[in-house]
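Source file: entry-v2.cif (mmCIF, C-alpha atoms)
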```cif
data_my_file
#
loop_
_atom_site.label_atom_id
_atom_site.label_comp_id
_atom_site.auth_asym_id
_atom_site.auth_seq_id
_atom_site.Cartn_x
_atom_site.Cartn_y
_atom_site.Cartn_z
CA MET A 26 115.13 101.48 119.34
CA LYS A 27 114.89 101.95 115.58
CA LYS A 28 117.95 103.39 113.91
CA LYS A 29 117.42 106.87 112.52
CA PHE A 30 118.37 107.81 108.98
CA LYS A 31 118.23 110.76 106.61
CA ILE A 32 115.48 110.97 104.00
CA ILE A 33 116.21 113.24 101.04
CA ILE A 34 113.21 114.39 99.03
CA LEU A 35 114.08 115.54 95.51
CA GLY A 36 111.28 117.52 93.92
CA ALA A 37 109.98 118.78 97.26
CA GLY A 38 106.98 121.08 97.32
CA GLY A 39 105.03 119.20 94.65
CA PHE A 40 101.52 117.84 95.10
CA ILE A 41 102.55 114.30 96.05
CA SER A 42 105.98 115.07 97.54
CA GLN A 43 104.54 117.65 99.94
CA HIS A 44 102.00 115.15 101.27
CA VAL A 45 104.69 112.49 101.63
CA GLU A 46 106.87 114.96 103.51
CA ASN A 47 103.97 115.64 105.88
CA SER A 48 103.45 111.89 106.39
CA LEU A 49 107.13 111.39 107.22
CA TYR A 50 107.34 114.40 109.51
CA ASN A 51 106.75 112.38 112.69
CA SER A 52 108.99 109.48 111.71
CA ASN A 53 111.84 110.80 113.94
CA ASN A 54 114.18 110.72 110.97
CA LYS A 55 115.98 113.69 109.48
CA LEU A 56 114.13 115.10 106.47
CA LEU A 57 115.96 117.09 103.82
CA ALA A 58 113.43 118.50 101.35
CA LEU A 59 115.10 119.86 98.21
CA SER A 60 112.91 121.80 95.81
CA ARG A 61 113.80 122.91 92.28
CA LYS A 62 114.81 126.30 93.68
CA LYS A 63 117.43 124.66 95.89
CA ILE A 64 118.72 122.15 93.34
CA ASP A 65 117.69 122.33 89.70
CA LEU A 66 118.34 118.85 88.33
CA THR A 67 118.16 120.10 84.73
CA LYS A 68 121.47 121.89 85.32
CA PHE A 69 124.85 120.17 85.14
CA GLU A 70 126.04 121.68 88.43
CA SER A 71 123.34 119.72 90.26
CA ILE A 72 125.62 116.65 90.02
CA LYS A 73 128.31 118.27 92.14
CA LYS A 74 125.80 119.72 94.61
CA LEU A 75 124.01 116.42 95.19
CA SER A 76 127.26 114.45 95.40
CA LYS A 77 128.22 116.57 98.39
CA ILE A 78 124.85 116.06 100.09
CA ILE A 79 124.11 112.35 99.58
CA ASN A 80 125.67 109.67 101.76
CA GLU A 81 125.44 105.92 101.30
CA LYS A 82 123.26 105.53 104.39
CA ASP A 83 120.66 107.98 103.08
CA VAL A 84 117.21 107.25 101.68
CA ILE A 85 116.15 109.15 98.55
CA PHE A 86 112.60 109.85 97.42
CA PHE A 87 112.88 111.03 93.81
CA ALA A 88 109.77 112.98 92.85
CA ALA A 89 111.44 115.61 90.67
CA ALA A 90 109.73 116.03 87.30
CA LYS A 91 108.32 118.57 84.90
CA ALA A 92 104.89 117.04 84.49
CA PRO A 93 102.72 116.20 82.77
CA VAL A 94 104.96 115.91 79.71
CA LYS A 95 103.25 117.68 76.83
CA ASN A 96 106.01 118.04 74.22
CA GLU A 97 109.45 116.83 73.16
CA ASN A 98 111.29 119.61 75.01
CA MET A 99 109.64 118.61 78.30
CA LEU A 100 110.53 114.99 77.61
CA LEU A 101 114.19 115.85 77.09
CA LYS A 102 114.30 118.04 80.22
CA ASN A 103 112.96 115.18 82.33
CA LEU A 104 115.46 112.72 80.90
CA GLN A 105 118.23 115.23 81.54
CA MET A 106 117.16 115.37 85.19
CA ALA A 107 117.35 111.58 85.42
CA LYS A 108 120.75 111.54 83.69
CA HIS A 109 122.19 113.98 86.22
CA MET A 110 120.75 111.90 89.05
CA CYS A 111 122.34 108.80 87.54
CA GLU A 112 125.72 110.53 87.45
CA VAL A 113 125.37 111.10 91.19
CA LEU A 114 124.32 107.47 91.76
CA LYS A 115 127.47 106.25 90.02
CA LYS A 116 129.45 107.94 92.79
CA LYS A 117 127.10 107.61 95.75
CA LYS A 118 124.63 104.74 96.03
CA PRO A 119 122.04 105.41 98.77
CA SER A 120 120.74 102.67 101.04
CA PHE A 121 117.26 102.99 99.47
CA PHE A 122 115.86 104.83 96.45
CA LEU A 123 112.16 105.32 95.75
CA TYR A 124 111.14 106.64 92.34
CA LEU A 125 107.75 108.26 91.81
CA SER A 126 106.62 107.00 88.41
CA SER A 127 103.13 106.81 86.89
CA ASP A 128 100.52 104.36 85.60
CA ALA A 129 101.11 106.05 82.22
CA VAL A 130 103.88 103.49 81.60
CA TYR A 131 101.27 100.75 81.01
CA SER A 132 99.73 99.77 77.71
CA ASP A 133 95.98 100.08 77.23
CA THR A 134 94.05 96.91 77.97
CA LYS A 135 90.58 95.76 78.93
CA LYS A 136 92.08 93.63 81.70
CA LYS A 137 92.99 94.80 85.19
CA ILE A 138 96.57 96.09 85.14
CA ASN A 139 99.10 94.61 87.55
CA GLU A 140 102.82 95.34 87.94
CA ASN A 141 103.69 92.66 85.35
CA SER A 142 101.35 94.05 82.69
CA SER A 143 102.71 95.27 79.37
CA THR A 144 104.56 98.59 79.45
CA ILE A 145 104.35 100.08 75.97
CA PRO A 146 103.21 103.65 76.66
CA ASN A 147 101.54 105.68 73.92
CA SER A 148 102.17 109.10 75.49
CA LEU A 149 105.28 111.21 75.95
CA HIS A 150 104.52 111.28 79.67
CA GLY A 151 104.51 107.50 79.85
CA ILE A 152 107.65 107.23 77.71
CA MET A 153 109.42 109.64 80.06
CA HIS A 154 108.59 107.69 83.19
CA LEU A 155 109.36 104.28 81.70
CA THR A 156 112.73 105.51 80.39
CA ARG A 157 113.63 106.97 83.79
CA GLU A 158 112.58 103.72 85.50
CA ILE A 159 114.97 101.77 83.24
CA MET A 160 117.78 104.27 83.82
CA PHE A 161 117.51 103.86 87.59
CA GLU A 162 117.08 100.08 87.37
CA ASN A 163 120.31 99.78 85.38
CA LEU A 164 122.24 101.49 88.19
CA LEU A 165 120.37 100.28 91.26
CA LYS A 166 120.02 96.54 90.99
CA LYS A 167 119.01 96.42 94.64
CA ASN A 168 117.42 98.90 97.06
CA LEU A 169 115.13 100.35 94.37
CA CYS A 170 111.39 100.88 94.74
CA ILE A 171 109.19 102.19 91.92
CA VAL A 172 105.65 103.37 92.59
CA ARG A 173 103.05 103.88 89.86
CA PRO A 174 100.06 105.89 91.06
CA THR A 175 97.06 106.42 88.82
CA LEU A 176 94.88 109.57 88.77
CA VAL A 177 95.60 111.23 92.12
CA TYR A 178 93.06 113.62 93.63
CA GLY A 179 92.70 115.52 96.88
CA GLN A 180 93.60 118.69 98.70
CA GLY A 181 96.46 120.72 97.23
CA ASP A 182 96.32 119.45 93.64
CA PRO A 183 97.59 122.30 91.42
CA HIS A 184 96.93 120.69 88.04
CA ASN A 185 93.16 121.05 87.79
CA GLY A 186 92.98 118.12 85.42
CA TYR A 187 89.72 116.58 84.27
CA GLY A 188 88.33 114.79 87.30
CA PRO A 189 87.38 115.21 90.98
CA ASN A 190 89.36 118.34 91.84
CA ARG A 191 88.23 120.27 88.76
CA PHE A 192 84.64 119.20 89.32
CA LEU A 193 84.78 120.41 92.92
CA ARG A 194 86.15 123.78 91.86
CA LEU A 195 83.52 124.15 89.14
CA ILE A 196 80.69 123.40 91.56
CA LYS A 197 82.02 125.95 94.03
CA LYS A 198 82.51 128.57 91.33
CA ASN A 199 79.35 128.41 89.26
CA GLY A 200 77.41 125.29 90.28
CA LYS A 201 78.04 123.54 86.95
CA ILE A 202 80.19 120.59 85.89
CA SER A 203 80.95 119.93 82.22
CA LEU A 204 81.58 116.36 81.09
CA PHE A 205 82.82 114.94 77.81
CA GLY A 206 80.17 112.78 76.20
CA LYS A 207 78.11 111.18 78.95
CA GLY A 208 81.11 110.91 81.28
CA GLU A 209 80.82 107.17 80.86
CA GLU A 210 84.49 106.18 80.78
CA LEU A 211 85.60 104.09 83.74
CA ARG A 212 88.82 105.04 85.55
CA ASP A 213 90.57 104.38 88.83
CA HIS A 214 91.14 107.45 91.03
CA VAL A 215 93.36 107.31 94.11
CA TRP A 216 93.25 109.66 97.10
CA ILE A 217 96.39 111.69 97.83
CA ASN A 218 96.24 110.76 101.54
CA ASP A 219 96.40 107.06 100.63
CA VAL A 220 99.23 107.65 98.17
CA SER A 221 101.34 109.60 100.66
CA ILE A 222 100.82 107.05 103.45
CA ALA A 223 101.63 104.19 101.07
CA ILE A 224 104.88 105.82 99.94
CA SER A 225 105.82 106.59 103.53
CA LYS A 226 105.28 102.94 104.50
CA LEU A 227 107.46 101.74 101.62
CA ILE A 228 110.21 104.16 102.63
CA MET A 229 110.13 103.28 106.33
CA LYS A 230 110.14 99.54 105.63
CA ARG A 231 112.48 99.89 102.62
CA LYS A 232 110.40 97.62 100.43
CA THR A 233 111.82 97.11 96.94
CA GLY A 234 110.13 96.35 93.63
CA LYS A 235 107.30 97.91 91.68
CA PHE A 236 103.95 98.85 93.24
CA ASN A 237 100.71 100.15 91.77
CA LEU A 238 99.26 102.83 94.03
CA VAL A 239 95.62 102.63 93.04
CA SER A 240 92.23 102.17 94.67
CA GLY A 241 91.59 98.97 92.74
CA LYS A 242 88.10 100.22 91.82
CA VAL A 243 86.79 102.01 88.72
CA ILE A 244 84.18 104.73 88.64
CA SER A 245 82.74 106.79 85.80
CA PHE A 246 83.29 110.54 85.58
CA ASN A 247 79.53 110.90 85.54
CA ASP A 248 79.22 109.14 88.91
CA ILE A 249 82.03 111.29 90.32
CA ALA A 250 80.24 114.42 89.18
CA LYS A 251 76.94 113.25 90.72
CA GLN A 252 78.62 112.48 94.06
CA ILE A 253 80.32 115.88 94.09
CA VAL A 254 77.01 117.63 93.43
CA ASN A 255 75.55 115.62 96.30
CA ILE A 256 78.29 116.47 98.85
CA SER A 257 78.22 120.14 97.88
CA GLY A 258 74.65 120.49 99.12
CA LYS A 259 73.96 122.75 96.14
CA LYS A 260 71.58 122.37 93.24
CA GLY A 261 74.48 121.73 90.90
CA LYS A 262 74.02 121.06 87.23
CA ILE A 263 75.91 118.54 85.10
CA LEU A 264 76.39 119.52 81.47
CA TYR A 265 77.17 116.95 78.77
CA GLN A 266 79.30 118.12 75.85
CA LYS A 267 79.65 116.34 72.54
CA ARG A 268 82.85 114.34 72.52
CA LYS A 269 85.23 115.47 69.78
CA GLY A 270 87.64 112.53 69.83
CA PRO A 271 87.90 108.94 71.05
CA MET A 272 87.74 108.19 74.77
CA PRO A 273 91.19 107.99 76.37
CA HIS A 274 92.33 104.40 77.00
CA GLY A 275 89.27 103.14 75.15
CA GLY A 276 87.09 104.24 78.04
CA TYR A 277 88.43 101.71 80.54
CA ARG A 278 91.49 101.74 82.82
CA ALA A 279 91.44 99.37 85.81
CA PHE A 280 94.22 98.23 88.15
CA LYS A 281 95.15 95.76 90.85
CA ASN A 282 96.89 96.86 94.06
CA SER A 283 97.30 93.32 95.41
CA ARG A 284 101.11 93.52 95.55
CA PHE A 285 101.03 96.47 97.94
CA GLU A 286 98.25 95.01 100.05
CA LYS A 287 100.17 91.73 100.30
CA VAL A 288 103.12 93.61 101.83
CA PHE A 289 100.87 95.79 104.02
CA PRO A 290 97.71 93.69 104.56
CA SER A 291 96.21 96.05 107.15
CA PHE A 292 96.27 99.00 104.73
CA LYS A 293 93.34 99.38 102.36
CA PHE A 294 93.08 102.00 99.61
CA LYS A 295 89.77 103.84 99.75
CA ASN A 296 87.45 104.16 96.77
CA PHE A 297 85.98 107.49 95.71
CA LYS A 298 82.68 106.98 97.50
CA GLN A 299 84.50 106.42 100.81
CA VAL A 300 86.58 109.58 100.36
CA SER A 301 83.99 111.94 98.86
CA LYS A 302 82.67 113.16 102.23
CA TYR A 303 86.13 114.59 103.02
CA LEU A 304 86.56 116.40 99.74
CA TYR A 305 84.56 119.59 99.83
CA LYS A 306 87.50 121.41 101.47
CA VAL A 307 89.61 121.00 98.29
#
```
Encoded form using C-alpha cells:
Amino acid sequence: MKKKFKIIILGAGGFISQHVENSLYNSNNKLLALSRKKIDLTKFESIKKLSKIINEKDVIFFAAAKAPVKNENMLLKNLQMAKHMCEVLKKKKPSFFLYLSSDAVYSDTKKKINENSSTIPNSLHGIMHLTREIMFENLLKKNLCIVRPTLVYGQGDPHNGYGPNRFLRLIKKNGKISLFGKGEELRDHVWINDVSIAISKLIMKRKTGKFNLVSGKVISFNDIAKQIVNISGKKGKILYQKRKGPMPHGGYRAFKNSRFEKVFPSFKFKNFKQVSKYLYKV
C-alpha cells in the first residue's frame, strides 16, 4: 500500500492550480489548498502562518503569483512572495517542492527549445520566474521540480489572452475573430488538461529537475482561428488587422517535451487539432 502524504497547494484557485487540484483529488492523499485569501504571501505574517502549517514530510505545489507581470511593482510583489516562501523553507524543508514557472524564462531562438536552452528573458514576466527559480534552487538542492508550461488554453482560463480561448469567446459572441497581421506566427499551445495531469504525475512520483510542459508542435494563430470557426458550426469570419509592431519572439516559438516523455513514456501531449473538438464548451 502506498504511503499517504499531504499536498499543500499555494496559489489555489488559479487557472492551472485548480485543474491540478482536481487531478489530485482522487490520489487518496490529503490536499490542503491555500488561496491568496487564506494566506497572502506578499505579507510578512505569511512566514509565521506557513511555518506552522508545513511539515518536512509534506509536498508543496507553489503556483502563487500575480501574473502576467506587466510592470515593476508586480515584479517586486512576486519576488516578495518568493522571499517569504524562502524564509519558510529555511526553517521547514518539505519532502518535495514543485514550482510552476513559465516558458517566458527562455531566450528567443529559431531552434526548438529544450530545458538546457538559454535563459535570458526579455520580459518582466520571464525575469520574475527565472529569479524565483534561482531563489528556490539555492535553498532546495534536492527535491525540487520546476515546470515551464507554454501558452496554456482550455476551460476555465480567466486571462482571455490572444489565442484559442479568446477566439472561442469571440466566435460565440459575434461570430468574428480578429488576428494581427495574417496570424502567421507559429507558437506552441498546450492544453490545460495535459498540463494538470503532467504536474500531478510529477508530484505523485516526486520527479525532480526541470520540465517543459508543451505539446511539442507549433501552429499558426490563423490555423487556430480556422479550426475554431470549423468546430463552432457557425459561418464565422476571420478579420486581419494591420500589425503595428514586430511579431513576438520573431514569429516562431517551438519546444521539445522529450524530457517529460522520457520519464513518462506512455503520456503524450496532444496538439491543438487533437483537442479542438473538446473546446467549444470553453
Distance of CA of Pro273 in chain A from CA of Asn147 in chain A, expressed in Å to one decimal place = 10.9 Å
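Closest to Leu164 in chain A among A:Asn218, A:Leu149, A:Tyr187, A:Glu112 is A:Glu112, based on all atoms listed in the file.
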Which centre and edge lengths in Å to one decimal define the box along x, y and z that fits every listed atom of range 102-118 of chain A plus 5 Å per side, as JSON?
```
{"center_x": 121.2, "center_y": 111.4, "center_z": 88.1, "size_x": 26.5, "size_y": 23.3, "size_z": 25.8}
```
Ground truth for the PyMOL selection byres ((chain A and resi 54) around 6), written as a list in words | Lys29, Phe30, Lys31, Ser52, Asn53 and Lys55 of chain A
Any chance you could export the current selection's C-alpha atoms as an mmCIF file, in the coordinates of the input?
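again.cif written:
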```cif
data_model
loop_
_atom_site.group_PDB
_atom_site.id
_atom_site.type_symbol
_atom_site.label_atom_id
_atom_site.label_comp_id
_atom_site.auth_asym_id
_atom_site.auth_seq_id
_atom_site.Cartn_x
_atom_site.Cartn_y
_atom_site.Cartn_z
ATOM 1 C CA LYS A 29 117.420 106.870 112.520
ATOM 2 C CA PHE A 30 118.370 107.810 108.980
ATOM 3 C CA LYS A 31 118.230 110.760 106.610
ATOM 4 C CA SER A 52 108.990 109.480 111.710
ATOM 5 C CA ASN A 53 111.840 110.800 113.940
ATOM 6 C CA LYS A 55 115.980 113.690 109.480
#
```
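Counting all atoms listed in the file, the residue from A:Ser283, A:Ser42, A:Gln299, A:Thr156 that sits nearest to Gly241 in chain A is A:Ser283.
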Selected by the PyMOL selection byres ((chain A and resi 128) around 10) in the shown coordinates: which residues, as a list in words?
-> Ser126, Ser127, Ala129, Val130, Tyr131, Ser132, Ile138, Glu140, Thr144, Pro146, His150, Gly151, His154, Leu155, Val172, Arg173, Pro174, Thr175, Leu176, Asn237, Leu238, Val239, Arg278 and Phe280 of chain A
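When only C-alpha atoms are used to measure the gap to Glu158 in chain A, the shortest distance among A:Phe192, A:Tyr303, A:Tyr124, A:Tyr265 belongs to A:Tyr124.
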Option closest in space to Gly188 in chain A, from A:Ile159, A:Phe297, A:Ile72, A:Glu81 [counting only C-alpha atoms] = A:Phe297
Return the single residue from A:Ala279, A:Leu100, A:Leu59, A:Leu169 that is closest to Ala88 in chain A, with distances computed using only C-alpha atoms.
-> A:Leu59
Return the single residue from A:Arg231, A:Lys226, A:Arg212, A:Arg268 that is closest to Lys137 in chain A, with distances computed using only C-alpha atoms.
-> A:Arg212
Can you tell me how far CA of Asn139 in chain A sits from CA of Asp219 in chain A, in Å to one decimal?
-> 18.3 Å
Written as a ChimeraX atom specification, which residues does the PyMOL selection byres ((chain A and resi 263) around 12) give for the file shown?
-> /A:192-193,195-196,199-208,246-255,259-262,264-266
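Here CA of Val243 in chain A is placed at a distance of 7.3 Å from CA of His214 in chain A.
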Near Ser71 in chain A, counting only C-alpha atoms, which residues have an atom at most 9 Å away, once you skip same-chain residues fewer than 5 positions from it, shown as a PyMOL selection string?
-> chain A and resi 64-66+76+109-110+113
